[in-house]
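I have placed the structure first, in the form of C-alpha cells, so that the comments after it can refer back to it.
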2 protein chains.
Amino acid sequence: MYLTQEKVAVMGAAGAIGSNIVQDLLSTKTACRIAMYDPFAQGLEGAAEEIYHCAYPGAEVSWTADVKEALTGADYVISSGGAPRKEGMTREDLLKGNCEIARGLGEDIKHYAPNAKFVVVIFNPADITGLTALVYSGLAPGRVSTLAALDSTRLQTKLAQHFAVPQERVTGCRTYGGHGEQMAVFEDGIVVDGVPFAEIMAGKQVNGKSLSAEEWQEVQTHIRQGGARII
Amino acid sequence: MYLTQEKVAVMGAAGAIGSNIVQDLLSTKTACRIAMYDPFAQGLEGAAEEIYHCAYPGAEVSWTADVKEALTGADYVISSGGAPRKEGMTREDLLKGNCEIARGLGEDIKHYAPNAKFVVVIFNPADITGLTALVYSGLAPGRVSTLAALDSTRLQTKLAQHFAVPQERVTGCRTYGGHGEQMAVFEDGIVVDGVPFAEIMAGKQVNGKSLSAEEWQEVQTHIRQGGARII
C-alpha cells in the first residue's frame, strides 16, 4: 500500500517543514514507518498528535526527542532541523549555526544509522549543510543530497505566470548556485508551451505575450532574490 | 489523473489549515482546480507561491483576495477561514466573531456559488458555524457539513496508545457534541484489536494491558479537554 515499509527518520519534525513532510509521506502513500524527531519535545508531541488525528491507515508514526532512538535503524533520513534566519542575522550567522547542526547530524548518522540508504538535508545554506553532513556521516556521496530544485521551480513558476500558461508547459528551467546574486540562471533549454527560449528572446510570442530583454532581467532578479524573500 | 477537475474554493487559504488543505488536495490527487482565497493578500500570495514551487502536474491553482472571484463557479467550498481563540478570549467571544464570518460565508455562497455541490466548514465552534453557513447559504442541508470526526479520532488515538496497538486496530470510537465537558464519549461499539470494549471493562487484557475504570475516566477527560488544548 505504501511505497516503502522501511524506516524514515524526519528530523526537525516539530517545525512547519518537518511536520509537513511527515504528512506528505503519508498522504502520498510514500512511507508509513516514520520516526519524528525534534529537540523541542512539547511542540513535537503536538505535531505527532496532529498526524495521529489524521488516522492514516497502516501508519506507524513514533516521536522522540532522543536522537539515538530516532535514527537507530533508519533507512532514510530527512532533516529540516536547521534554524531559520532571524531579524538582524547575516547569512554568515546562519551558516555557522546550521553547519554545526549539520555536523551533529552527520555524526549522529555515523553512530546510529551507518547503513542509511539516503539522506536529504534541507536547511539552509543547503549546499554547504548538505556537504557538511555528508563529510561527517561517512556515507558514500551518492547517498546524501539536498533540496536542490527550488530555484529552478521558482523560475518555472515565474515564466508560467508571465505567459499565463500551465506551469508544466514550461520546461528546462535550471539555476545553479545558492540563493542570491551569485546564482546563475540559464536560458539554454527553456521551452515555453513548445517555443524554445531563443525564439522568445528573438521576439516570438507565446499565448499572445512576449518577453522583452528587460522583463527577462526582472525575472532573473526575482529568482535570485527569492531566497532573500523567504529566508 | 485527479479525482475531480471541478473547481474547489479554499477559504482562509493563507492560514496553516487552509494552505495545508490545498497541498493535500493536490498531493492526494483529489482536486487540481483550486481557488485559494484569503482577505490577507500578502500571506496568501506566499502560501500560493509555496504550492507553485511544488510544481504539481496539471495543477491549476489561483489565488485572490476577492471573494467573488474565488467562489464564482465553485463546485466545492472548504472554509477554515475563522479566527482562532486568542489569549484572554472566552469561547463565547470566538462564537460571536466566527458566526459572523460563517454568516458572511453563507451569504457569499448564496450570491456567487448557489450551485455548490458540497461545503465544508471547519472553523470553531464548527457545529454552530456550520449551521449558520448552511442557513445563510440557502443550500440543501445535505450539502453543508463540518469537520466532525476529530474528537472520535482523538479517542481512537488515545486508546491505541494505551494498548500500544496500531491505530487502525481500534474501531467504533464515537463522541457527540462540541469540544468540552458536555461532550459525550461512547463506549458502545468500541473494539480494540478484536476485543469488545465491554470485555475490556470487565478486565480482559489486550496486548498484555488492561484498562481500569479510573484509566478510562482519564481517557475520557483527556478527549473532552482536547479542544481546550488546541483552541
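For the C-alpha cells, the naming scheme is as follows: chains receive sequential letters (A, B, ...) according to their order of presentation, residues are indexed from 1 within each chain, and ligands are indexed from 1 in presentation order.
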Within 8 Å of chain B, which residues of chain A show up? Give each one with its shortest atom-to-atom distance in Å (one decimal) and the two atoms involved, counting only C-alpha atoms, rows by chain then rising residue number, as CSV.
residue,atom,partner,partner_atom,distance
A:Asp24,CA,B:Ser27,CA,7.1
A:Ser27,CA,B:Thr28,CA,5.9
A:Thr28,CA,B:Thr28,CA,5.7
A:Tyr52,CA,B:Thr157,CA,6.2
A:His53,CA,B:Thr153,CA,5.5
A:Cys54,CA,B:Thr153,CA,7.6
A:Ala55,CA,B:Thr153,CA,7.0
A:Pro57,CA,B:Glu168,CA,6.1
A:Gly58,CA,B:Glu168,CA,6.8
A:Ala59,CA,B:Pro166,CA,7.7
A:Glu60,CA,B:Pro166,CA,7.0
A:Leu150,CA,B:His53,CA,6.6
A:Thr153,CA,B:His53,CA,5.5
A:Arg154,CA,B:His53,CA,5.9
A:Thr157,CA,B:Tyr52,CA,6.2
A:Pro166,CA,B:Glu60,CA,7.0
A:Gln167,CA,B:Ala55,CA,7.0
A:Glu168,CA,B:Pro57,CA,6.1
Residues from last step as file, all heavy atoms, as a compact mmCIF listing (two decimals), in the first residue's frame:
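Output file part_21.txt follows:
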# COMPACT_ATOMS: atom_id res chain seq x y z
N ASP A 24 3.02 14.59 4.22
CA ASP A 24 3.08 14.30 2.79
C ASP A 24 3.57 12.88 2.51
O ASP A 24 3.10 12.24 1.57
CB ASP A 24 3.98 15.32 2.09
CG ASP A 24 3.30 15.89 0.85
OD1 ASP A 24 2.08 16.16 0.92
OD2 ASP A 24 3.96 16.04 -0.19
N SER A 27 0.32 11.02 3.13
CA SER A 27 -0.75 11.36 2.17
C SER A 27 -0.47 10.79 0.79
O SER A 27 -1.39 10.36 0.09
CB SER A 27 -0.89 12.88 2.04
OG SER A 27 -1.70 13.40 3.06
N THR A 28 0.78 10.83 0.39
CA THR A 28 1.14 10.36 -0.94
C THR A 28 1.44 8.86 -0.94
O THR A 28 1.88 8.32 -1.94
CB THR A 28 2.37 11.10 -1.47
OG1 THR A 28 3.45 10.91 -0.54
CG2 THR A 28 2.12 12.59 -1.59
N TYR A 52 -1.55 11.76 14.15
CA TYR A 52 -2.40 10.65 14.63
C TYR A 52 -3.87 10.94 14.32
O TYR A 52 -4.64 10.04 14.00
CB TYR A 52 -2.22 10.45 16.13
CG TYR A 52 -0.84 10.02 16.55
CD1 TYR A 52 -0.28 10.47 17.75
CD2 TYR A 52 -0.07 9.17 15.76
CE1 TYR A 52 0.99 10.08 18.15
CE2 TYR A 52 1.20 8.78 16.14
CZ TYR A 52 1.73 9.24 17.34
OH TYR A 52 3.00 8.87 17.73
N HIS A 53 -4.26 12.22 14.46
CA HIS A 53 -5.66 12.57 14.26
C HIS A 53 -6.08 12.47 12.80
O HIS A 53 -7.27 12.49 12.49
CB HIS A 53 -5.93 13.99 14.81
CG HIS A 53 -5.72 14.08 16.29
ND1 HIS A 53 -5.48 15.26 16.94
CD2 HIS A 53 -5.67 13.11 17.24
CE1 HIS A 53 -5.32 15.02 18.24
NE2 HIS A 53 -5.42 13.73 18.44
N CYS A 54 -5.11 12.35 11.91
CA CYS A 54 -5.44 12.09 10.50
C CYS A 54 -5.78 10.61 10.29
O CYS A 54 -6.41 10.26 9.30
CB CYS A 54 -4.28 12.47 9.59
SG CYS A 54 -3.89 14.23 9.58
N ALA A 55 -5.35 9.78 11.22
CA ALA A 55 -5.67 8.35 11.18
C ALA A 55 -5.32 7.69 9.84
O ALA A 55 -6.16 7.02 9.23
CB ALA A 55 -7.14 8.12 11.53
N PRO A 57 -4.29 4.97 7.47
CA PRO A 57 -4.31 3.51 7.63
C PRO A 57 -2.90 2.93 7.54
O PRO A 57 -2.12 3.31 6.65
CB PRO A 57 -5.15 3.03 6.43
CG PRO A 57 -5.79 4.24 5.85
CD PRO A 57 -4.97 5.42 6.24
N GLY A 58 -2.59 2.06 8.47
CA GLY A 58 -1.30 1.38 8.42
C GLY A 58 -0.11 2.21 8.85
O GLY A 58 1.03 1.73 8.81
N ALA A 59 -0.36 3.43 9.28
CA ALA A 59 0.76 4.29 9.69
C ALA A 59 1.37 3.83 11.01
O ALA A 59 0.66 3.43 11.92
CB ALA A 59 0.28 5.74 9.81
N GLU A 60 2.69 3.85 11.07
CA GLU A 60 3.39 3.57 12.33
C GLU A 60 4.28 4.77 12.60
O GLU A 60 5.46 4.77 12.24
CB GLU A 60 4.28 2.34 12.20
CG GLU A 60 3.54 1.03 12.15
CD GLU A 60 4.52 -0.11 11.95
OE1 GLU A 60 5.49 -0.24 12.73
OE2 GLU A 60 4.34 -0.85 10.97
N LEU A 150 14.54 24.00 -5.93
CA LEU A 150 13.60 25.06 -5.60
C LEU A 150 13.72 26.28 -6.49
O LEU A 150 12.72 26.79 -7.02
CB LEU A 150 13.76 25.46 -4.13
CG LEU A 150 12.85 26.58 -3.62
CD1 LEU A 150 11.39 26.25 -3.84
CD2 LEU A 150 13.10 26.85 -2.15
N THR A 153 12.38 25.67 -9.89
CA THR A 153 10.91 25.65 -9.91
C THR A 153 10.36 27.06 -9.79
O THR A 153 9.33 27.39 -10.36
CB THR A 153 10.37 24.76 -8.77
OG1 THR A 153 11.10 23.56 -8.74
CG2 THR A 153 8.91 24.45 -9.00
N ARG A 154 11.07 27.90 -9.03
CA ARG A 154 10.65 29.31 -8.95
C ARG A 154 10.70 29.96 -10.33
O ARG A 154 9.81 30.73 -10.70
CB ARG A 154 11.57 30.09 -8.00
CG ARG A 154 11.23 29.90 -6.54
CD ARG A 154 12.12 30.78 -5.66
NE ARG A 154 11.80 30.57 -4.26
CZ ARG A 154 12.68 30.52 -3.27
NH1 ARG A 154 13.96 30.68 -3.52
NH2 ARG A 154 12.28 30.32 -2.04
N THR A 157 7.81 28.70 -12.32
CA THR A 157 6.58 29.35 -11.85
C THR A 157 6.45 30.75 -12.44
O THR A 157 5.41 31.14 -12.96
CB THR A 157 6.59 29.46 -10.31
OG1 THR A 157 6.70 28.16 -9.76
CG2 THR A 157 5.33 30.12 -9.79
N PRO A 166 -0.09 26.91 -18.22
CA PRO A 166 0.08 25.97 -17.10
C PRO A 166 1.56 25.76 -16.81
O PRO A 166 2.39 25.73 -17.73
CB PRO A 166 -0.56 24.68 -17.61
CG PRO A 166 -1.52 25.12 -18.67
CD PRO A 166 -0.89 26.33 -19.31
N GLN A 167 1.87 25.63 -15.53
CA GLN A 167 3.26 25.54 -15.09
C GLN A 167 4.03 24.41 -15.78
O GLN A 167 5.19 24.56 -16.16
CB GLN A 167 3.28 25.34 -13.57
CG GLN A 167 4.62 25.57 -12.92
CD GLN A 167 4.51 25.70 -11.42
OE1 GLN A 167 3.49 26.19 -10.92
NE2 GLN A 167 5.52 25.26 -10.70
N GLU A 168 3.35 23.29 -15.99
CA GLU A 168 4.05 22.14 -16.59
C GLU A 168 4.36 22.33 -18.06
O GLU A 168 5.10 21.54 -18.65
CB GLU A 168 3.22 20.87 -16.39
CG GLU A 168 1.89 20.95 -17.09
CD GLU A 168 0.94 19.84 -16.64
OE1 GLU A 168 1.40 18.78 -16.21
OE2 GLU A 168 -0.29 20.05 -16.75
Next item on the list: Compile the contact shell of region 170-175 of chain B as a ChimeraX atom specification: residues with an atom at most 6 Å away, counting only C-alpha atoms, same-chain residues fewer than 4 positions apart removed.
Entry: /B:152,156,184-186,189-192
Output all heavy atoms for every residue in that selection, as a PDB file, in the first residue's frame.
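Now in result-v5.pdb:
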ATOM      1  N   SER B 152     -13.541  11.935  17.837  1.00  0.00           N
ATOM      2  CA  SER B 152     -13.589  10.472  17.755  1.00  0.00           C
ATOM      3  C   SER B 152     -12.210   9.914  17.413  1.00  0.00           C
ATOM      4  O   SER B 152     -11.788   8.888  17.950  1.00  0.00           O
ATOM      5  CB  SER B 152     -14.594  10.037  16.694  1.00  0.00           C
ATOM      6  OG  SER B 152     -15.868  10.588  16.974  1.00  0.00           O
ATOM      7  N   GLN B 156      -9.714   7.378  19.439  1.00  0.00           N
ATOM      8  CA  GLN B 156      -9.058   6.226  18.812  1.00  0.00           C
ATOM      9  C   GLN B 156      -7.550   6.268  19.062  1.00  0.00           C
ATOM     10  O   GLN B 156      -6.933   5.265  19.432  1.00  0.00           O
ATOM     11  CB  GLN B 156      -9.357   6.237  17.316  1.00  0.00           C
ATOM     12  CG  GLN B 156      -8.730   5.082  16.547  1.00  0.00           C
ATOM     13  CD  GLN B 156      -8.674   5.355  15.055  1.00  0.00           C
ATOM     14  OE1 GLN B 156      -8.413   6.478  14.618  1.00  0.00           O
ATOM     15  NE2 GLN B 156      -8.900   4.313  14.257  1.00  0.00           N
ATOM     16  N   ALA B 184     -20.212  13.940  24.898  1.00  0.00           N
ATOM     17  CA  ALA B 184     -20.470  12.546  25.254  1.00  0.00           C
ATOM     18  C   ALA B 184     -19.431  11.660  24.580  1.00  0.00           C
ATOM     19  O   ALA B 184     -19.136  11.830  23.399  1.00  0.00           O
ATOM     20  CB  ALA B 184     -21.868  12.144  24.793  1.00  0.00           C
ATOM     21  N   VAL B 185     -18.849  10.765  25.362  1.00  0.00           N
ATOM     22  CA  VAL B 185     -17.889   9.803  24.824  1.00  0.00           C
ATOM     23  C   VAL B 185     -18.512   8.413  24.967  1.00  0.00           C
ATOM     24  O   VAL B 185     -18.801   7.981  26.083  1.00  0.00           O
ATOM     25  CB  VAL B 185     -16.549   9.871  25.596  1.00  0.00           C
ATOM     26  CG1 VAL B 185     -15.565   8.857  25.032  1.00  0.00           C
ATOM     27  CG2 VAL B 185     -15.962  11.276  25.545  1.00  0.00           C
ATOM     28  N   PHE B 186     -18.761   7.758  23.857  1.00  0.00           N
ATOM     29  CA  PHE B 186     -19.472   6.480  23.895  1.00  0.00           C
ATOM     30  C   PHE B 186     -18.529   5.280  24.045  1.00  0.00           C
ATOM     31  O   PHE B 186     -17.483   5.231  23.409  1.00  0.00           O
ATOM     32  CB  PHE B 186     -20.298   6.295  22.621  1.00  0.00           C
ATOM     33  CG  PHE B 186     -21.395   7.314  22.471  1.00  0.00           C
ATOM     34  CD1 PHE B 186     -21.223   8.413  21.653  1.00  0.00           C
ATOM     35  CD2 PHE B 186     -22.577   7.183  23.186  1.00  0.00           C
ATOM     36  CE1 PHE B 186     -22.233   9.363  21.521  1.00  0.00           C
ATOM     37  CE2 PHE B 186     -23.589   8.130  23.060  1.00  0.00           C
ATOM     38  CZ  PHE B 186     -23.409   9.234  22.230  1.00  0.00           C
ATOM     39  N   GLY B 189     -19.668  -0.073  21.062  1.00  0.00           N
ATOM     40  CA  GLY B 189     -19.157  -0.217  19.704  1.00  0.00           C
ATOM     41  C   GLY B 189     -17.647  -0.201  19.598  1.00  0.00           C
ATOM     42  O   GLY B 189     -17.085  -0.581  18.578  1.00  0.00           O
ATOM     43  N   ILE B 190     -16.970   0.247  20.655  1.00  0.00           N
ATOM     44  CA  ILE B 190     -15.507   0.268  20.590  1.00  0.00           C
ATOM     45  C   ILE B 190     -14.961  -1.165  20.618  1.00  0.00           C
ATOM     46  O   ILE B 190     -15.388  -1.997  21.428  1.00  0.00           O
ATOM     47  CB  ILE B 190     -14.896   1.059  21.777  1.00  0.00           C
ATOM     48  CG1 ILE B 190     -15.340   2.529  21.725  1.00  0.00           C
ATOM     49  CG2 ILE B 190     -13.369   0.968  21.757  1.00  0.00           C
ATOM     50  CD1 ILE B 190     -14.839   3.358  22.899  1.00  0.00           C
ATOM     51  N   VAL B 191     -14.054  -1.450  19.724  1.00  0.00           N
ATOM     52  CA  VAL B 191     -13.381  -2.753  19.681  1.00  0.00           C
ATOM     53  C   VAL B 191     -11.880  -2.490  19.565  1.00  0.00           C
ATOM     54  O   VAL B 191     -11.445  -1.750  18.671  1.00  0.00           O
ATOM     55  CB  VAL B 191     -13.864  -3.595  18.467  1.00  0.00           C
ATOM     56  CG1 VAL B 191     -13.105  -4.915  18.401  1.00  0.00           C
ATOM     57  CG2 VAL B 191     -15.367  -3.842  18.549  1.00  0.00           C
ATOM     58  N   VAL B 192     -11.098  -3.043  20.492  1.00  0.00           N
ATOM     59  CA  VAL B 192      -9.653  -2.834  20.473  1.00  0.00           C
ATOM     60  C   VAL B 192      -8.958  -4.145  20.110  1.00  0.00           C
ATOM     61  O   VAL B 192      -9.040  -5.125  20.857  1.00  0.00           O
ATOM     62  CB  VAL B 192      -9.127  -2.338  21.842  1.00  0.00           C
ATOM     63  CG1 VAL B 192      -7.618  -2.114  21.780  1.00  0.00           C
ATOM     64  CG2 VAL B 192      -9.845  -1.058  22.263  1.00  0.00           C
TER      65      VAL B 192
END
Near region 99-110 of chain A, counting only C-alpha atoms, which residues have an atom at most 9 Å away, once you skip same-chain residues fewer than 4 positions from it, shown as a compact mmCIF listing (two decimals) with C-alpha atoms, in the first residue's frame?
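Just written: result.txt:
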# COMPACT_ATOMS: atom_id res chain seq x y z
CA VAL A 67 18.18 11.38 18.52
CA LYS A 68 19.53 7.87 19.06
CA LEU A 71 17.99 7.35 13.93
CA THR A 72 18.64 3.77 15.00
CA ALA A 74 16.66 4.40 9.88
CA VAL A 77 16.83 10.42 6.94
CA SER A 79 16.36 16.75 8.02
CA GLY A 81 16.20 20.67 11.51
CA GLY A 82 18.16 23.84 10.91
CA ALA A 83 17.50 27.28 12.31
CA LEU A 94 23.08 31.28 9.77
CA LEU A 95 25.89 29.42 8.07
CA PRO A 114 25.52 3.97 9.30
CA ASN A 115 23.51 1.90 6.82
CA ALA A 116 21.17 4.70 5.82
CA VAL A 121 19.39 17.82 4.11
CA PHE A 123 18.10 23.51 5.83
CA ASN A 124 20.00 26.49 4.51
CA PRO A 125 22.51 27.12 3.11
CA ILE A 128 27.03 23.70 2.48
CA THR A 129 24.99 21.99 5.21
CA GLY A 130 24.49 19.02 2.90
CA LEU A 131 28.20 18.76 2.24
CA THR A 132 28.97 19.07 5.95
CA ALA A 133 26.50 16.33 6.85
CA LEU A 134 27.94 14.14 4.11
CA VAL A 135 31.52 14.55 5.32
CA TYR A 136 30.73 13.76 8.96
CA SER A 137 28.32 10.92 8.19
CA GLY A 138 30.93 8.87 6.38
CA LEU A 139 28.29 7.83 3.87
Next item on the list: Run DSSP on the backbone and give me the residues of region 25-167 of chain A it puts in alpha helix (DSSP H), as a ChimeraX atom specification.
Entry: /A:25-27,41-54,67-71,91-112,126-137,150-163
Margin query: Using DSSP secondary structure from the backbone, list all strand (DSSP E) positions within region 31-186 of chain A, as a VMD selection string.
Written below: chain A and resid 31 to 37 60 to 64 76 to 79 118 to 121 144 to 146 170 to 171 174 to 176 184 to 186
Checklist line | Nearest to Ser145 (chain B), chosen from B:Trp63, B:Phe163, B:Tyr176, B:Tyr76, with only C-alpha atoms counted in the distances | finding: B:Tyr76
